[in-house]
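Structure data follow from model.cif (mmCIF, C-alpha atoms and all ligand atoms; chains and numbers go by the auth columns):
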```cif
data_run
#
loop_
_atom_site.group_PDB
_atom_site.id
_atom_site.type_symbol
_atom_site.label_atom_id
_atom_site.label_comp_id
_atom_site.label_asym_id
_atom_site.label_seq_id
_atom_site.Cartn_x
_atom_site.Cartn_y
_atom_site.Cartn_z
_atom_site.B_iso_or_equiv
_atom_site.auth_seq_id
_atom_site.auth_asym_id
ATOM 1 C CA MET A 1 0.000 0.000 0.000 0.00 1 A
ATOM 2 C CA CYS A 2 0.926 3.655 -0.280 0.00 2 A
ATOM 3 C CA PRO A 3 2.702 4.414 3.030 0.00 3 A
ATOM 4 C CA VAL A 4 0.935 7.791 3.251 0.00 4 A
ATOM 5 C CA CYS A 5 -2.710 7.390 2.228 0.00 5 A
ATOM 6 C CA GLY A 6 -2.933 3.605 2.483 0.00 6 A
ATOM 7 C CA ARG A 7 -4.067 3.081 -1.109 0.00 7 A
ATOM 8 C CA PHE A 8 -3.993 -0.661 -1.766 0.00 8 A
ATOM 9 C CA TYR A 9 -1.765 -2.024 -4.501 0.00 9 A
ATOM 10 C CA PHE A 10 -2.098 -5.381 -6.133 0.00 10 A
ATOM 11 C CA SER A 11 1.443 -5.750 -7.300 0.00 11 A
ATOM 12 C CA PRO A 12 4.214 -6.885 -4.933 0.00 12 A
ATOM 13 C CA SER A 13 6.673 -4.633 -6.775 0.00 13 A
ATOM 14 C CA ALA A 14 4.648 -1.548 -5.812 0.00 14 A
ATOM 15 C CA ARG A 15 5.230 -2.191 -2.125 0.00 15 A
ATOM 16 C CA ASN A 16 5.757 0.960 -0.053 0.00 16 A
ATOM 17 C CA VAL A 17 5.793 3.207 -3.088 0.00 17 A
ATOM 18 C CA VAL A 18 4.183 6.606 -2.432 0.00 18 A
ATOM 19 C CA CYS A 19 1.215 6.830 -4.817 0.00 19 A
ATOM 20 C CA GLY A 20 0.895 9.408 -7.577 0.00 20 A
ATOM 21 C CA GLU A 21 -1.814 11.362 -5.802 0.00 21 A
ATOM 22 C CA CYS A 22 0.248 11.777 -2.610 0.00 22 A
ATOM 23 C CA ARG A 23 3.341 12.690 -4.619 0.00 23 A
ATOM 24 C CA LYS A 24 1.424 15.374 -6.495 0.00 24 A
ATOM 25 C CA LYS A 25 0.068 16.932 -3.292 0.00 25 A
ATOM 26 C CA ALA A 26 0.973 15.812 0.216 0.00 26 A
ATOM 27 C CA PRO A 27 -2.279 15.252 2.119 0.00 27 A
ATOM 28 C CA SER A 28 -3.161 17.187 5.286 0.00 28 A
ATOM 29 C CA PHE A 29 -3.032 13.983 7.333 0.00 29 A
ATOM 30 C CA LEU A 30 0.211 12.259 8.261 0.00 30 A
ATOM 31 C CA LEU A 31 -1.091 8.786 7.615 0.00 31 A
ATOM 32 C CA HIS A 32 -4.338 7.104 6.613 0.00 32 A
ATOM 33 C CA ARG A 33 -5.170 3.429 6.864 0.00 33 A
ATOM 34 C CA SER A 34 -8.225 1.408 5.952 0.00 34 A
ATOM 35 C CA ALA A 35 -8.927 -1.798 7.830 0.00 35 A
ATOM 36 C CA GLY A 36 -10.083 -3.556 4.670 0.00 36 A
ATOM 37 C CA ILE A 37 -11.336 -3.366 1.115 0.00 37 A
ATOM 38 C CA TYR A 38 -14.883 -2.084 0.607 0.00 38 A
ATOM 39 C CA GLU A 39 -16.359 -5.241 -0.876 0.00 39 A
ATOM 40 C CA GLY A 40 -17.976 -8.545 0.090 0.00 40 A
ATOM 41 C CA ARG A 41 -18.890 -9.189 3.710 0.00 41 A
ATOM 42 C CA LEU A 42 -17.215 -6.069 5.029 0.00 42 A
ATOM 43 C CA ARG A 43 -19.224 -3.883 2.653 0.00 43 A
ATOM 44 C CA GLU A 44 -22.433 -5.702 3.608 0.00 44 A
ATOM 45 C CA ALA A 45 -21.714 -5.245 7.299 0.00 45 A
ATOM 46 C CA ILE A 46 -21.014 -1.519 6.885 0.00 46 A
ATOM 47 C CA LEU A 47 -24.187 -0.980 4.846 0.00 47 A
ATOM 48 C CA LEU A 48 -26.281 -2.895 7.392 0.00 48 A
ATOM 49 C CA TYR A 49 -24.774 -0.867 10.179 0.00 49 A
ATOM 50 C CA LYS A 50 -25.119 2.482 8.476 0.00 50 A
ATOM 51 C CA TYR A 51 -28.428 2.195 6.647 0.00 51 A
ATOM 52 C CA GLY A 52 -30.053 -0.945 8.025 0.00 52 A
ATOM 53 C CA GLY A 53 -30.213 0.234 11.615 0.00 53 A
ATOM 54 C CA VAL A 54 -28.187 -2.747 12.883 0.00 54 A
ATOM 55 C CA GLU A 55 -26.487 -0.678 15.567 0.00 55 A
ATOM 56 C CA TYR A 56 -24.892 -3.550 17.433 0.00 56 A
ATOM 57 C CA LEU A 57 -22.500 -4.006 14.490 0.00 57 A
ATOM 58 C CA ALA A 58 -20.567 -1.042 15.924 0.00 58 A
ATOM 59 C CA ARG A 59 -18.713 -3.382 18.273 0.00 59 A
ATOM 60 C CA PRO A 60 -17.544 -6.065 15.794 0.00 60 A
ATOM 61 C CA LEU A 61 -16.671 -3.396 13.216 0.00 61 A
ATOM 62 C CA ALA A 62 -14.614 -1.537 15.829 0.00 62 A
ATOM 63 C CA GLU A 63 -12.924 -4.788 16.833 0.00 63 A
ATOM 64 C CA PHE A 64 -12.087 -5.452 13.210 0.00 64 A
ATOM 65 C CA ALA A 65 -10.501 -2.006 12.824 0.00 65 A
ATOM 66 C CA SER A 66 -8.708 -2.244 16.175 0.00 66 A
ATOM 67 C CA SER A 67 -6.633 -5.167 14.971 0.00 67 A
ATOM 68 C CA LEU A 68 -4.689 -2.894 12.625 0.00 68 A
ATOM 69 C CA GLU A 69 -1.079 -2.895 13.803 0.00 69 A
ATOM 70 C CA GLU A 70 -0.137 0.607 12.832 0.00 70 A
ATOM 71 C CA LYS A 71 1.282 3.849 14.132 0.00 71 A
ATOM 72 C CA ILE A 72 -2.220 5.323 14.053 0.00 72 A
ATOM 73 C CA TRP A 73 -2.938 4.266 17.648 0.00 73 A
ATOM 74 C CA ASP A 74 -0.237 6.513 19.046 0.00 74 A
ATOM 75 C CA VAL A 75 -2.695 9.401 19.462 0.00 75 A
ATOM 76 C CA ASP A 76 -4.293 11.452 22.256 0.00 76 A
ATOM 77 C CA CYS A 77 -7.857 11.125 21.079 0.00 77 A
ATOM 78 C CA ILE A 78 -10.207 9.788 18.408 0.00 78 A
ATOM 79 C CA VAL A 79 -12.206 12.335 16.421 0.00 79 A
ATOM 80 C CA PRO A 80 -15.217 10.966 14.551 0.00 80 A
ATOM 81 C CA VAL A 81 -16.097 12.622 11.244 0.00 81 A
ATOM 82 C CA PRO A 82 -19.356 14.275 12.280 0.00 82 A
ATOM 83 C CA ALA A 83 -22.641 13.795 10.518 0.00 83 A
ATOM 84 C CA HIS A 84 -25.035 16.661 9.921 0.00 84 A
ATOM 85 C CA LYS A 85 -27.880 16.904 12.480 0.00 85 A
ATOM 86 C CA LYS A 86 -30.405 16.362 9.715 0.00 86 A
ATOM 87 C CA ARG A 87 -28.669 13.155 8.646 0.00 87 A
ATOM 88 C CA ILE A 88 -28.588 11.875 12.239 0.00 88 A
ATOM 89 C CA ARG A 89 -32.321 12.468 12.482 0.00 89 A
ATOM 90 C CA GLU A 90 -32.908 10.560 9.243 0.00 90 A
ATOM 91 C CA ARG A 91 -30.773 7.640 10.333 0.00 91 A
ATOM 92 C CA GLY A 92 -31.696 7.591 13.985 0.00 92 A
ATOM 93 C CA PHE A 93 -28.122 7.528 15.245 0.00 93 A
ATOM 94 C CA ASP A 94 -24.682 8.960 14.584 0.00 94 A
ATOM 95 C CA HIS A 95 -22.957 5.890 13.195 0.00 95 A
ATOM 96 C CA THR A 96 -19.380 7.202 13.115 0.00 96 A
ATOM 97 C CA ARG A 97 -19.616 8.559 16.653 0.00 97 A
ATOM 98 C CA LYS A 98 -20.871 5.226 17.918 0.00 98 A
ATOM 99 C CA LEU A 99 -18.069 3.432 16.122 0.00 99 A
ATOM 100 C CA ALA A 100 -15.557 5.846 17.640 0.00 100 A
ATOM 101 C CA GLN A 101 -16.917 5.156 21.128 0.00 101 A
ATOM 102 C CA GLN A 102 -16.508 1.408 20.667 0.00 102 A
ATOM 103 C CA LEU A 103 -13.032 1.816 19.237 0.00 103 A
ATOM 104 C CA GLY A 104 -12.103 4.150 22.081 0.00 104 A
ATOM 105 C CA LYS A 105 -13.213 1.561 24.637 0.00 105 A
ATOM 106 C CA ILE A 106 -11.220 -1.199 22.976 0.00 106 A
ATOM 107 C CA LYS A 107 -8.044 0.849 22.576 0.00 107 A
ATOM 108 C CA GLY A 108 -8.334 2.951 25.742 0.00 108 A
ATOM 109 C CA ILE A 109 -8.370 6.242 23.809 0.00 109 A
ATOM 110 C CA LYS A 110 -10.722 9.151 24.544 0.00 110 A
ATOM 111 C CA VAL A 111 -13.249 10.268 21.945 0.00 111 A
ATOM 112 C CA ARG A 112 -13.333 14.010 21.354 0.00 112 A
ATOM 113 C CA ARG A 113 -15.940 15.594 19.135 0.00 113 A
ATOM 114 C CA ILE A 114 -13.772 18.423 17.907 0.00 114 A
ATOM 115 C CA LEU A 115 -15.458 18.837 14.546 0.00 115 A
ATOM 116 C CA GLU A 116 -18.931 19.864 13.561 0.00 116 A
ATOM 117 C CA ARG A 117 -20.529 19.397 10.163 0.00 117 A
ATOM 118 C CA VAL A 118 -21.961 22.680 9.050 0.00 118 A
ATOM 119 C CA ARG A 119 -23.059 21.883 5.543 0.00 119 A
ATOM 120 C CA TYR A 120 -25.611 19.273 4.608 0.00 120 A
ATOM 121 C CA THR A 121 -24.548 17.146 1.656 0.00 121 A
ATOM 122 C CA PRO A 122 -26.925 14.617 0.125 0.00 122 A
ATOM 123 C CA PRO A 123 -25.780 10.969 0.272 0.00 123 A
ATOM 124 C CA GLN A 124 -22.896 10.451 -2.152 0.00 124 A
ATOM 125 C CA ALA A 125 -23.099 6.684 -2.425 0.00 125 A
ATOM 126 C CA GLY A 126 -25.368 6.618 -5.474 0.00 126 A
ATOM 127 C CA LEU A 127 -23.529 9.291 -7.413 0.00 127 A
ATOM 128 C CA PRO A 128 -21.019 8.597 -10.167 0.00 128 A
ATOM 129 C CA ARG A 129 -17.409 9.249 -9.246 0.00 129 A
ATOM 130 C CA TYR A 130 -17.029 12.448 -11.265 0.00 130 A
ATOM 131 C CA LEU A 131 -19.877 14.035 -9.306 0.00 131 A
ATOM 132 C CA ARG A 132 -18.649 12.823 -5.945 0.00 132 A
ATOM 133 C CA LEU A 133 -15.264 14.400 -6.548 0.00 133 A
ATOM 134 C CA LYS A 134 -16.896 17.779 -6.975 0.00 134 A
ATOM 135 C CA ASN A 135 -17.491 18.032 -3.247 0.00 135 A
ATOM 136 C CA PRO A 136 -16.766 21.679 -2.490 0.00 136 A
ATOM 137 C CA GLY A 137 -15.164 22.613 0.830 0.00 137 A
ATOM 138 C CA GLY A 138 -16.710 24.233 3.870 0.00 138 A
ATOM 139 C CA SER A 139 -18.378 21.148 5.360 0.00 139 A
ATOM 140 C CA PHE A 140 -16.607 21.188 8.733 0.00 140 A
ATOM 141 C CA THR A 141 -15.603 23.601 11.445 0.00 141 A
ATOM 142 C CA VAL A 142 -13.903 23.201 14.808 0.00 142 A
ATOM 143 C CA LYS A 143 -16.703 23.072 17.365 0.00 143 A
ATOM 144 C CA ARG A 144 -14.599 22.837 20.479 0.00 144 A
ATOM 145 C CA LYS A 145 -10.853 22.694 21.073 0.00 145 A
ATOM 146 C CA TYR A 146 -9.445 19.961 23.264 0.00 146 A
ATOM 147 C CA PRO A 147 -5.884 19.676 24.545 0.00 147 A
ATOM 148 C CA CYS A 148 -4.941 16.840 22.186 0.00 148 A
ATOM 149 C CA ASN A 149 -1.961 17.103 19.891 0.00 149 A
ATOM 150 C CA ARG A 150 -2.229 13.943 17.875 0.00 150 A
ATOM 151 C CA VAL A 151 -5.689 12.931 16.784 0.00 151 A
ATOM 152 C CA LEU A 152 -7.084 9.935 14.971 0.00 152 A
ATOM 153 C CA LEU A 153 -9.775 11.022 12.540 0.00 153 A
ATOM 154 C CA LEU A 154 -12.305 8.250 12.006 0.00 154 A
ATOM 155 C CA ASP A 155 -14.768 7.647 9.177 0.00 155 A
ATOM 156 C CA ASP A 156 -16.558 4.592 7.865 0.00 156 A
ATOM 157 C CA VAL A 157 -15.537 4.441 4.208 0.00 157 A
ATOM 158 C CA TRP A 158 -12.870 6.081 2.059 0.00 158 A
ATOM 159 C CA THR A 159 -14.512 6.586 -1.313 0.00 159 A
ATOM 160 C CA THR A 160 -12.653 9.411 -3.028 0.00 160 A
ATOM 161 C CA GLY A 161 -10.914 10.544 0.140 0.00 161 A
ATOM 162 C CA SER A 162 -12.479 13.997 -0.110 0.00 162 A
ATOM 163 C CA THR A 163 -14.249 13.817 3.289 0.00 163 A
ATOM 164 C CA ILE A 164 -11.156 12.681 5.192 0.00 164 A
ATOM 165 C CA LYS A 165 -8.983 15.200 3.356 0.00 165 A
ATOM 166 C CA GLU A 166 -11.318 18.079 4.090 0.00 166 A
ATOM 167 C CA ALA A 167 -11.922 17.199 7.757 0.00 167 A
ATOM 168 C CA SER A 168 -8.225 16.607 8.198 0.00 168 A
ATOM 169 C CA SER A 169 -7.203 19.966 6.768 0.00 169 A
ATOM 170 C CA VAL A 170 -9.626 21.726 9.145 0.00 170 A
ATOM 171 C CA LEU A 171 -7.994 19.889 12.066 0.00 171 A
ATOM 172 C CA LYS A 172 -4.511 20.632 10.780 0.00 172 A
ATOM 173 C CA ARG A 173 -5.271 24.338 10.477 0.00 173 A
ATOM 174 C CA ALA A 174 -6.421 24.223 14.114 0.00 174 A
ATOM 175 C CA GLY A 175 -2.989 22.873 15.059 0.00 175 A
ATOM 176 C CA TYR A 176 -3.565 19.133 15.353 0.00 176 A
ATOM 177 C CA SER A 177 -1.393 16.368 13.918 0.00 177 A
ATOM 178 C CA VAL A 178 -3.808 14.139 12.096 0.00 178 A
ATOM 179 C CA PHE A 179 -3.802 10.404 11.580 0.00 179 A
ATOM 180 C CA ALA A 180 -6.805 8.903 9.845 0.00 180 A
ATOM 181 C CA LEU A 181 -8.626 5.604 9.828 0.00 181 A
ATOM 182 C CA THR A 182 -11.513 4.220 7.821 0.00 182 A
ATOM 183 C CA LEU A 183 -13.122 0.798 8.057 0.00 183 A
ATOM 184 C CA ALA A 184 -12.864 0.179 4.356 0.00 184 A
ATOM 185 C CA ARG A 185 -11.661 1.643 1.144 0.00 185 A
ATOM 186 C CA ASP A 186 -12.885 1.484 -2.438 0.00 186 A
ATOM 187 C CA ILE A 187 -10.467 0.050 -4.942 0.00 187 A
HETATM 188 ZN ZN ZN B . -1.038 7.769 -1.376 0.00 1 B
#
```
As a first step, turn the structure in this file into C-alpha cells.
Amino acid sequence: MCPVCGRFYFSPSARNVVCGECRKKAPSFLLHRSAGIYEGRLREAILLYKYGGVEYLARPLAEFASSLEEKIWDVDCIVPVPAHKKRIRERGFDHTRKLAQQLGKIKGIKVRRILERVRYTPPQAGLPRYLRLKNPGGSFTVKRKYPCNRVLLLDDVWTTGSTIKEASSVLKRAGYSVFALTLARDI
C-alpha cells in the first residue's frame, strides 16, 4: 500500500511506493489506513450498520478495525467525522460517533468531538465518481478545542478521500497532527 494514504496495490513490486496522488500533493493527514477493502462481507456489514439500523455491528466493526497494527494508535484522542444533524435524524443515530466510542473503549483512547458538520450534503453513495469528486469545501468547522496534539480522525468508508482530506485539513489548520482511519476503502 501507499505508506501515506494507504491506497492498496495489487502488485508486490509496488510495495511501499508513495502513490501518484500523494506525490502530487501531500495530504493534510500524516497517515491514513483502511482496515479492509470495501467489498464482500465487510461492505455488507457496513451498509447494514449504516443504513439498516443494525447498531450492534458497531462493536464487531470496531474490533475489526482495532486489529490494525499501525502507528495510528499513538494518538491522544479519536475524532469521529461528524454527521449533519439532519442526517442523524434521518438515520436515527450517529454511526461514526458510535463506532468511535466502541473503538475508544477497545483501545483505551478518549473520543473528542472536535469537529462539527456545518453543511448538509446529500448521500454520495449513489452518485457517479465524477460528481462525488466535486465536493466543495466548507463542510466542517472546529466546534470545540481539546488539549490533544495527535488525533485519529475516524470515518466509515474512504470513497474518493475527499471527506477525510477536508476534515483533516480543518484539524490541521487548528494545530492538530492528524492520523486517519476508515473501516474500508474502495479500490
Ligand atoms: Zn497515497
Taking all atoms listed in the file into account, name the residue in A:Asp186, A:Leu68, A:Leu31, A:Glu44 that is nearest to Val157 in chain A. A:Asp186
Which residues of chain A sit at most 7 Å from ligand ZN 1 (chain B), using only C-alpha atoms and all ligand atoms? Give each one's shortest atom pair and distance in Å (one decimal place), in chain and ascending residue order, as a tab-separated table.
```
residue	atom	partner	partner_atom	distance
A:Cys2	CA	B:ZN1	ZN	4.7
A:Pro3	CA	B:ZN1	ZN	6.7
A:Val4	CA	B:ZN1	ZN	5.0
A:Cys5	CA	B:ZN1	ZN	4.0
A:Gly6	CA	B:ZN1	ZN	6.0
A:Arg7	CA	B:ZN1	ZN	5.6
A:Val18	CA	B:ZN1	ZN	5.5
A:Cys19	CA	B:ZN1	ZN	4.2
A:Gly20	CA	B:ZN1	ZN	6.7
A:Glu21	CA	B:ZN1	ZN	5.8
A:Cys22	CA	B:ZN1	ZN	4.4
```
Using the chain letters and numbers from this file, what does the PyMOL selection byres (((chain A and resi 181) around 7) and not hetatm) select? Give the answer as a ChimeraX atom specification. /A:32-34,152-155,180,182-183
Option closest in space to Lys143 in chain A, from A:Lys165, A:Lys71, A:Arg89, A:Arg117 [counting all atoms listed in the file]: A:Arg117
From the options A:Arg119, A:Ala35, A:Ala14, A:Glu70, which residue's atoms come nearest to Lys86 in chain A, counting all atoms listed in the file?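 With all atoms listed in the file as the atom set, the closest residue is A:Arg119.
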Considering all atoms listed in the file, return as a PyMOL selection string whatever protein or nucleic-acid residues lie within 10 Å of Thr163 in chain A, sequence-local ones (same chain, fewer than 3 positions apart) excluded. chain A and resi 81+133+135+137+139-140+155+157-160+166-169
Have a look at A:Ala100, A:Ala26, A:Val178, A:Leu57 and name the one nearest to Val75 in chain A; count only C-alpha atoms.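 Among the listed residues, A:Val178 lies closest to Val75 in chain A.
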Picked residues, the PyMOL selection byres (((chain A and resi 107) around 10) and not hetatm), as a PyMOL selection string: chain A and resi 62-63+66-67+73+101-106+108-110
Output the selection as a PDB file, in the frame of the given file - C-alpha atoms for each residue.
```
ATOM      1  CA  ALA A  62     -14.614  -1.537  15.829  1.00  0.00           C
ATOM      2  CA  GLU A  63     -12.924  -4.788  16.833  1.00  0.00           C
ATOM      3  CA  SER A  66      -8.708  -2.244  16.175  1.00  0.00           C
ATOM      4  CA  SER A  67      -6.633  -5.167  14.971  1.00  0.00           C
ATOM      5  CA  TRP A  73      -2.938   4.266  17.648  1.00  0.00           C
ATOM      6  CA  GLN A 101     -16.917   5.156  21.128  1.00  0.00           C
ATOM      7  CA  GLN A 102     -16.508   1.408  20.667  1.00  0.00           C
ATOM      8  CA  LEU A 103     -13.032   1.816  19.237  1.00  0.00           C
ATOM      9  CA  GLY A 104     -12.103   4.150  22.081  1.00  0.00           C
ATOM     10  CA  LYS A 105     -13.213   1.561  24.637  1.00  0.00           C
ATOM     11  CA  ILE A 106     -11.220  -1.199  22.976  1.00  0.00           C
ATOM     12  CA  GLY A 108      -8.334   2.951  25.742  1.00  0.00           C
ATOM     13  CA  ILE A 109      -8.370   6.242  23.809  1.00  0.00           C
ATOM     14  CA  LYS A 110     -10.722   9.151  24.544  1.00  0.00           C
TER      15      LYS A 110
END
```
Between CA of Leu42 in chain A and CA of Tyr120 in chain A, what is the distance in Å, rounded to a tenth?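 Calculated distance between CA of Leu42 in chain A and CA of Tyr120 in chain A is 26.7 Å.
CA of Arg112 in chain A to CA of Leu48 in chain A spans 25.5 Å [interatomic distance, one decimal].
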Please measure the separation of CA of Val170 in chain A and CA of Val111 in chain A, giving the value in Å to one decimal.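 Atom-to-atom, CA of Val170 in chain A and CA of Val111 in chain A are spaced 17.6 Å apart.
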Padding of 4 Å on every side, edges along x, y and z, all listed atoms of range 9-16 of chain A included: what centre and edge lengths in Å, to one decimal, does that box have, as AutoDock Vina command-line options?
```
--center_x 2.3 --center_y -3.0 --center_z -3.7 --size_x 16.8 --size_y 15.8 --size_z 15.2
```
Select, from A:Arg87, A:Val79, A:Arg97, A:Leu61, the residue with the minimum atom-to-atom distance to Lys145 in chain A, counting only C-alpha atoms.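 Distance minimum relative to Lys145 in chain A lands on A:Val79.
Distances to Ile78 in chain A were evaluated for A:Val54, A:Phe8, A:Arg113, A:Lys172 using all atoms listed in the file, and the minimum falls at A:Arg113.
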For the structure provided, state which residues fall under the PyMOL selection byres (((chain A and resi 95) around 9) and not hetatm), and present them as a list of chain:residue names. A:Tyr49, A:Lys50, A:Glu55, A:Ala58, A:Ala83, A:Ile88, A:Arg91, A:Gly92, A:Phe93, A:Asp94, A:Thr96, A:Arg97, A:Lys98, A:Leu99, A:Ala100, A:Asp156
